[in-house]
Structures are given as structure tokens and as C-alpha cells.
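**Student:** This is my_file13.pdb (PDB, C-alpha atoms).
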```pdb
ATOM      1  CA  MET A   1     168.869 117.322 161.367
ATOM      2  CA  THR A   2     167.120 114.054 160.663
ATOM      3  CA  ALA A   3     167.424 112.192 157.384
ATOM      4  CA  HIS A   4     163.871 113.257 156.529
ATOM      5  CA  ALA A   5     164.737 116.942 157.038
ATOM      6  CA  LEU A   6     167.823 116.542 154.854
ATOM      7  CA  ASP A   7     165.664 114.990 152.134
ATOM      8  CA  LEU A   8     163.224 117.906 152.238
ATOM      9  CA  HIS A   9     166.079 120.410 152.046
ATOM     10  CA  ALA A  10     167.558 118.611 149.019
ATOM     11  CA  ARG A  11     164.254 118.871 147.142
ATOM     12  CA  HIS A  12     164.251 122.673 147.482
ATOM     13  CA  LYS A  13     167.789 123.007 146.168
ATOM     14  CA  VAL A  14     167.860 124.979 142.926
ATOM     15  CA  ARG A  15     169.806 123.407 140.068
ATOM     16  CA  ARG A  16     172.593 125.239 138.295
ATOM     17  CA  ASP A  17     171.698 126.958 135.009
ATOM     18  CA  SER A  18     168.013 127.294 135.860
ATOM     19  CA  PHE A  19     166.049 130.227 134.498
ATOM     20  CA  ASP A  20     163.071 131.922 136.091
ATOM     21  CA  ILE A  21     159.812 130.703 134.593
ATOM     22  CA  ASP A  22     159.099 134.260 133.344
ATOM     23  CA  ASP A  23     162.615 134.814 131.955
ATOM     24  CA  LYS A  24     162.673 135.107 128.150
ATOM     25  CA  ARG A  25     165.316 132.353 128.018
ATOM     26  CA  ALA A  26     162.770 129.926 129.500
ATOM     27  CA  GLN A  27     160.212 130.758 126.793
ATOM     28  CA  VAL A  28     161.182 127.946 124.434
ATOM     29  CA  PHE A  29     157.743 126.643 123.494
ATOM     30  CA  ARG A  30     156.706 126.969 119.839
ATOM     31  CA  PRO A  31     153.505 125.615 118.254
ATOM     32  CA  ILE A  32     154.036 122.213 116.653
ATOM     33  CA  GLU A  33     152.484 121.772 113.230
ATOM     34  CA  HIS A  34     150.276 118.783 112.475
ATOM     35  CA  GLY A  35     149.996 117.501 116.081
ATOM     36  CA  VAL A  36     149.247 113.761 116.026
ATOM     37  CA  PHE A  37     150.788 113.354 112.559
ATOM     38  CA  PHE A  38     153.988 114.933 113.909
ATOM     39  CA  LYS A  39     153.954 112.597 116.921
ATOM     40  CA  ASP A  40     153.575 109.486 114.756
ATOM     41  CA  ALA A  41     156.246 110.648 112.284
ATOM     42  CA  LEU A  42     158.707 111.477 115.076
ATOM     43  CA  LEU A  43     158.255 108.083 116.750
ATOM     44  CA  GLU A  44     158.717 106.301 113.386
ATOM     45  CA  THR A  45     161.843 108.387 112.736
ATOM     46  CA  PHE A  46     163.109 107.480 116.214
ATOM     47  CA  ASP A  47     162.641 103.762 115.432
ATOM     48  CA  GLU A  48     164.525 104.089 112.143
ATOM     49  CA  PHE A  49     167.377 106.033 113.770
ATOM     50  CA  ASP A  50     167.676 103.486 116.559
ATOM     51  CA  ASP A  51     167.884 100.670 113.976
ATOM     52  CA  TRP A  52     170.351 102.257 111.548
ATOM     53  CA  SER A  53     172.635 103.587 114.310
ATOM     54  CA  LYS A  54     172.947 100.162 115.972
ATOM     55  CA  LYS A  55     176.326  98.538 115.510
ATOM     56  CA  LYS A  56     176.601  94.781 115.073
ATOM     57  CA  GLY A  57     177.073  93.007 118.392
ATOM     58  CA  GLU A  58     176.160  96.082 120.451
ATOM     59  CA  ARG A  59     172.993  97.318 122.076
ATOM     60  CA  HIS A  60     170.756  99.941 120.482
ATOM     61  CA  LYS A  61     171.906 103.515 121.077
ATOM     62  CA  MET A  62     168.648 104.436 122.824
ATOM     63  CA  GLY A  63     166.219 101.511 122.895
ATOM     64  CA  GLN A  64     162.601 101.075 123.897
ATOM     65  CA  ASN A  65     162.893 102.879 127.250
ATOM     66  CA  CYS A  66     163.804 106.078 125.412
ATOM     67  CA  ARG A  67     160.965 105.527 122.951
ATOM     68  CA  LYS A  68     158.464 105.120 125.769
ATOM     69  CA  VAL A  69     159.705 108.303 127.500
ATOM     70  CA  LEU A  70     159.546 110.195 124.177
ATOM     71  CA  ALA A  71     155.973 108.963 123.631
ATOM     72  CA  ALA A  72     155.050 110.048 127.186
ATOM     73  CA  LEU A  73     156.480 113.518 126.505
ATOM     74  CA  MET A  74     154.430 113.741 123.325
ATOM     75  CA  TRP A  75     151.346 112.690 125.276
ATOM     76  CA  CYS A  76     151.980 115.566 127.736
ATOM     77  CA  CYS A  77     152.558 118.103 124.947
ATOM     78  CA  ASP A  78     150.004 120.715 123.893
ATOM     79  CA  PHE A  79     150.695 120.921 120.154
ATOM     80  CA  ALA A  80     148.797 124.193 119.676
ATOM     81  CA  THR A  81     151.230 126.066 121.939
ATOM     82  CA  GLY A  82     154.149 123.613 122.047
ATOM     83  CA  THR A  83     153.944 123.541 125.844
ATOM     84  CA  CYS A  84     155.571 120.423 127.271
ATOM     85  CA  GLU A  85     156.435 120.643 130.956
ATOM     86  CA  PRO A  86     155.773 117.332 132.735
ATOM     87  CA  SER A  87     157.651 116.631 135.936
ATOM     88  CA  ILE A  88     159.895 113.590 136.282
ATOM     89  CA  ASP A  89     157.206 112.115 138.569
ATOM     90  CA  THR A  90     154.599 112.507 135.808
ATOM     91  CA  LEU A  91     156.896 110.759 133.321
ATOM     92  CA  MET A  92     157.495 107.989 135.867
ATOM     93  CA  GLU A  93     153.742 107.575 136.264
ATOM     94  CA  LYS A  94     153.108 107.473 132.494
ATOM     95  CA  THR A  95     155.937 105.043 131.707
ATOM     96  CA  HIS A  96     155.950 102.972 134.934
ATOM     97  CA  PHE A  97     159.739 103.396 135.037
ATOM     98  CA  ALA A  98     161.980 104.204 137.984
ATOM     99  CA  ARG A  99     163.308 107.767 138.292
ATOM    100  CA  ALA A 100     166.831 106.718 137.230
ATOM    101  CA  THR A 101     165.482 105.061 134.057
ATOM    102  CA  VAL A 102     163.501 108.173 133.080
ATOM    103  CA  VAL A 103     166.490 110.472 133.734
ATOM    104  CA  ARG A 104     168.820 108.192 131.746
ATOM    105  CA  ALA A 105     166.329 108.066 128.839
ATOM    106  CA  LEU A 106     166.030 111.876 128.820
ATOM    107  CA  LYS A 107     169.826 112.195 128.715
ATOM    108  CA  LEU A 108     170.069 109.730 125.817
ATOM    109  CA  LEU A 109     167.326 111.570 123.919
ATOM    110  CA  TRP A 110     169.236 114.819 124.461
ATOM    111  CA  GLU A 111     172.590 113.305 123.434
ATOM    112  CA  ASN A 112     171.112 112.045 120.162
ATOM    113  CA  GLY A 113     169.334 115.318 119.288
ATOM    114  CA  PHE A 114     165.746 114.147 119.745
ATOM    115  CA  LEU A 115     164.956 116.387 122.722
ATOM    116  CA  ASN A 116     166.092 119.479 124.552
ATOM    117  CA  TRP A 117     165.059 121.198 127.762
ATOM    118  CA  ILE A 118     165.559 124.215 129.980
ATOM    119  CA  ARG A 119     165.620 123.972 133.767
ATOM    120  CA  ARG A 120     163.276 126.471 135.384
ATOM    121  CA  THR A 121     162.620 128.082 138.756
ATOM    122  CA  ALA A 122     159.707 130.028 140.218
ATOM    123  CA  LYS A 123     159.630 132.617 142.983
ATOM    124  CA  THR A 124     158.274 131.523 146.371
ATOM    125  CA  ASP A 125     156.188 133.547 148.817
ATOM    126  CA  PHE A 126     158.570 132.905 151.703
ATOM    127  CA  ALA A 127     159.817 135.761 153.850
ATOM    128  CA  PRO A 128     163.629 136.243 153.738
ATOM    129  CA  ASP A 129     164.282 134.042 156.851
ATOM    130  CA  GLU A 130     161.585 131.433 156.201
ATOM    131  CA  GLY A 131     163.009 129.624 153.201
ATOM    132  CA  PRO A 132     164.542 129.890 149.756
ATOM    133  CA  PRO A 133     163.353 132.768 147.517
ATOM    134  CA  VAL A 134     162.989 130.423 144.516
ATOM    135  CA  ARG A 135     162.095 126.788 144.000
ATOM    136  CA  GLN A 136     162.810 124.367 141.199
ATOM    137  CA  VAL A 137     159.837 123.645 138.908
ATOM    138  CA  SER A 138     159.462 121.202 136.022
ATOM    139  CA  ASN A 139     161.703 121.501 132.989
ATOM    140  CA  ALA A 140     160.491 123.053 129.749
ATOM    141  CA  TYR A 141     160.962 120.325 127.107
ATOM    142  CA  PHE A 142     161.117 121.164 123.421
ATOM    143  CA  TRP A 143     162.246 119.746 120.098
ATOM    144  CA  ASP A 144     165.349 121.585 118.880
ATOM    145  CA  PHE A 145     165.474 120.573 115.217
ATOM    146  CA  ALA A 146     168.856 122.257 114.711
ATOM    147  CA  ARG A 147     170.369 119.547 116.949
ATOM    148  CA  MET A 148     168.518 116.636 115.366
ATOM    149  CA  PRO A 149     170.667 114.496 113.028
ATOM    150  CA  ALA A 150     170.194 115.730 109.444
ATOM    151  CA  ARG A 151     169.126 112.283 108.245
ATOM    152  CA  CYS A 152     166.400 112.134 110.919
ATOM    153  CA  LEU A 153     165.098 115.604 110.093
ATOM    154  CA  MET A 154     164.953 114.672 106.407
ATOM    155  CA  ARG A 155     163.053 111.440 107.186
ATOM    156  CA  LEU A 156     160.657 113.326 109.488
ATOM    157  CA  LYS A 157     159.844 115.772 106.674
ATOM    158  CA  GLU A 158     159.409 112.885 104.207
ATOM    159  CA  LYS A 159     157.028 111.030 106.515
ATOM    160  CA  LEU A 160     154.897 114.130 107.003
ATOM    161  CA  ALA A 161     154.966 114.896 103.254
ATOM    162  CA  ARG A 162     153.590 111.386 102.567
ATOM    163  CA  LYS A 163     150.608 112.306 104.732
ATOM    164  CA  GLY A 164     150.149 115.562 102.803
ATOM    165  CA  LYS A 165     151.675 117.746 105.541
ATOM    166  CA  LYS A 166     154.379 120.292 104.835
ATOM    167  CA  PHE A 167     156.734 120.656 107.796
ATOM    168  CA  SER A 168     158.961 123.627 108.436
ATOM    169  CA  PRO A 169     160.804 123.462 111.778
ATOM    170  CA  PRO A 170     160.058 126.458 114.002
ATOM    171  CA  PRO A 171     163.078 128.684 114.637
ATOM    172  CA  VAL A 172     164.542 128.334 118.119
ATOM    173  CA  ARG A 173     165.908 131.517 119.595
ATOM    174  CA  SER A 174     169.385 131.248 121.069
ATOM    175  CA  PHE A 175     170.770 133.124 124.028
ATOM    176  CA  PRO A 176     174.474 133.248 124.992
ATOM    177  CA  ARG A 177     173.984 131.828 128.498
ATOM    178  CA  TYR A 178     171.765 129.053 127.160
ATOM    179  CA  GLU A 179     174.394 128.120 124.574
ATOM    180  CA  GLY A 180     177.003 127.933 127.343
ATOM    181  CA  LEU A 181     174.719 125.566 129.243
ATOM    182  CA  GLN A 182     174.420 123.292 126.188
ATOM    183  CA  LYS A 183     178.199 123.205 125.705
ATOM    184  CA  ARG A 184     178.785 122.359 129.392
ATOM    185  CA  ARG A 185     176.146 119.607 129.210
ATOM    186  CA  ALA A 186     177.754 118.125 126.075
ATOM    187  CA  ARG A 187     181.267 118.359 127.592
ATOM    188  CA  ALA A 188     180.126 116.620 130.797
ATOM    189  CA  ILE A 189     178.586 113.756 128.778
ATOM    190  CA  ARG A 190     181.687 113.472 126.564
ATOM    191  CA  ASP A 191     184.034 113.440 129.608
ATOM    192  CA  LYS A 192     181.906 110.802 131.338
ATOM    193  CA  GLN A 193     182.057 108.543 128.253
ATOM    194  CA  ALA A 194     185.840 108.991 127.926
TER     195      ALA A 194
END
```
Written as C-alpha cells, that's how I'd like the structure from this file.
**Tutor:**
Amino acid sequence: MTAHALDLHARHKVRRDSFDIDDKRAQVFRPIEHGVFFKDALLETFDEFDDWSKKKGERHKMGQNCRKVLAALMWCCDFATGTCEPSIDTLMEKTHFARATVVRALKLLWENGFLNWIRRTAKTDFAPDEGPPVRQVSNAYFWDFARMPARCLMRLKEKLARKGKKFSPPPVRSFPRYEGLQKRRARAIRDKQA
């Protein structure tokens, strides 16, 4: 096999803990109240969190790369349905960052409770010997307010209230396998930092 063929094969590899696009566990989108007001309030809350969590003599916990990726995600979001499913390539195009920078920013946003996502797959039309039965598709990104730091959620509500908008976070359904995925993700990040 040539290097090019190996590269093509790697792209079709399905990631662990991926759910079919039609699986109920992949249906994480919820309408987001107040659209543009929500976007502005979330970005302001992000800035405040990044400032108050910074320790003297150290770098910011997330920084401007994370902010730019978060803004790009908001730009790709349909607030009426909550649908947010840009590919990494789309985020790279919007932010003008390298793939590694986008992936690192997404991980930092997840670690700090500002973002969550589900990996998804879709069935292919290949015959059994022609190729894989499923392929990886873009992640389903969503805002899991239960994971957001309490101080940030309070500030987000305050910012929206100042604009005359009442905000009540949409409930996020939980599924046992999904919760296991979140715990493994958190453990892997914690072990890497140790």
C-alpha cells in the first residue's frame, strides 16, 4: 500500500464511542433562546471566565484561540433548532487555524465546560466487500449547561437579563453509554495532565 492509500484508509476509520446519526443518543440539539443575544452573552462570559481564572505569572486557561473557535461554532449554529455540526475543516476555514490548533481549542472548551459534542457516524452504500458499512461524519456540538461552571452560568443569565431576556437552560437528556464516554474523556485528560 502506498502512503496515499494509507491516508485514505485512515480517514474512513470510525472513532470509538461514535453514535449513528439517527441514534437517539446523537440527537443532542435543542433550540437556543435569544440567538444573537445568547451568542454575545456567551462570548462576554467566556472573556470574564478567562480573565478571572488566570493565575498570576501563568497563561490564560483558554485564550483567544479558544474564543475564536467558540465564535466560529456560534456562527455555524442554527439557533432555532440548536443544530451545530461543522466539520473540523469548516472550523479551520472560519478561524484560519491549523487542524491541531482547532482540536486543542475544542478540547480546552470541553475541559472548562463551555462546549460538548457527540461523535457521529452515517451508514454508507457500500456492498459488504467494497468498503466500511459506516463512515465518520461531523460531530454534533452543543452547550451542556450542567457542565458549565456555576459562576459562568450565573453571569450568562445576568447578561441576558440586562438585555430583557429570560434564559432557562434547555434540559439535556443523558444516556448511560454517553455518560461513560464523558467519564473516559475526563479521565484521559486528567491522566495526560498528571
**Student:** Translate the PyMOL selection byres ((chain A and resi 101-117) around 10), as applied to the file shown, into an explicit residue set as number ranges by chain.
**Tutor:** A: 26, 28, 42, 45-46, 49-50, 61-70, 73, 84-85, 88-89, 91-92, 95-100, 118-120, 138-150, 152-153, 182, 185-186, 189-190
**Student:** Which of these, A:Gly164, A:Lys13, A:Ile21, A:Arg187, has the shortest distance to Thr121 of chain A once you count only C-alpha atoms?
**Tutor:**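 Answer, going by the shortest atom-to-atom distance: A:Ile21.
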**Student:** Please compute the atom CA of Met74 of chain A-atom CA of Thr124 of chain A distance, one decimal, in Å.
**Tutor:** 29.4 Å
**Student:** Please report the interatomic distance between atom CA of Ala71 of chain A and atom CA of Leu43 of chain A in Å with one decimal.
**Tutor:**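 Here the two named atoms are 7.3 Å from each other.
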**Student:** Any idea what the distance is between atom CA of Asp40 of chain A and atom CA of Ser53 of chain A?
**Tutor:**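 Spanning atom CA of Asp40 of chain A to atom CA of Ser53 of chain A is a straight-line distance of 20.0 Å.
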**Student:** Name every residue that the PyMOL selection byres ((chain A and resi 134) around 7) selects in this structure, writing the answer as a ChimeraX atom specification with chains first and numbers rising.
**Tutor:** /A:121-124,132-133,135-136
**Student:** Kindly compute an axis-aligned box around the listed atoms of segment 159-163 of chain A, allowing 6 Å on each side, and express its centre and edge lengths in Å to one decimal as AutoDock Vina command-line options.
**Tutor:**
```
--center_x 153.8 --center_y 113.0 --center_z 104.8 --size_x 18.4 --size_y 15.9 --size_z 16.4
```
**Student:** Extract, using only C-alpha atoms, all DNA, RNA and protein residues at most 10 Å from Lys165 of chain A, discarding same-chain residues fewer than 6 positions from it, and format them as a PyMOL selection string.
**Tutor:** chain A and resi 33-34+37-38+157-159
**Student:** Considering all atoms listed in the file, state which residue in the set A:Gly57, A:Arg25, A:Arg16, A:Glu93 is at the smallest distance from Arg184 of chain A.
**Tutor:**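 Of A:Gly57, A:Arg25, A:Arg16, A:Glu93, the one nearest Arg184 of chain A, counting all atoms listed in the file, is A:Arg16.
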**Student:** Restricting the calculation to all atoms listed in the file, which member of A:Glu48, A:Asp191, A:Asp78, A:Asp125 is positioned closest to Phe29 of chain A?
**Tutor:** A:Asp78
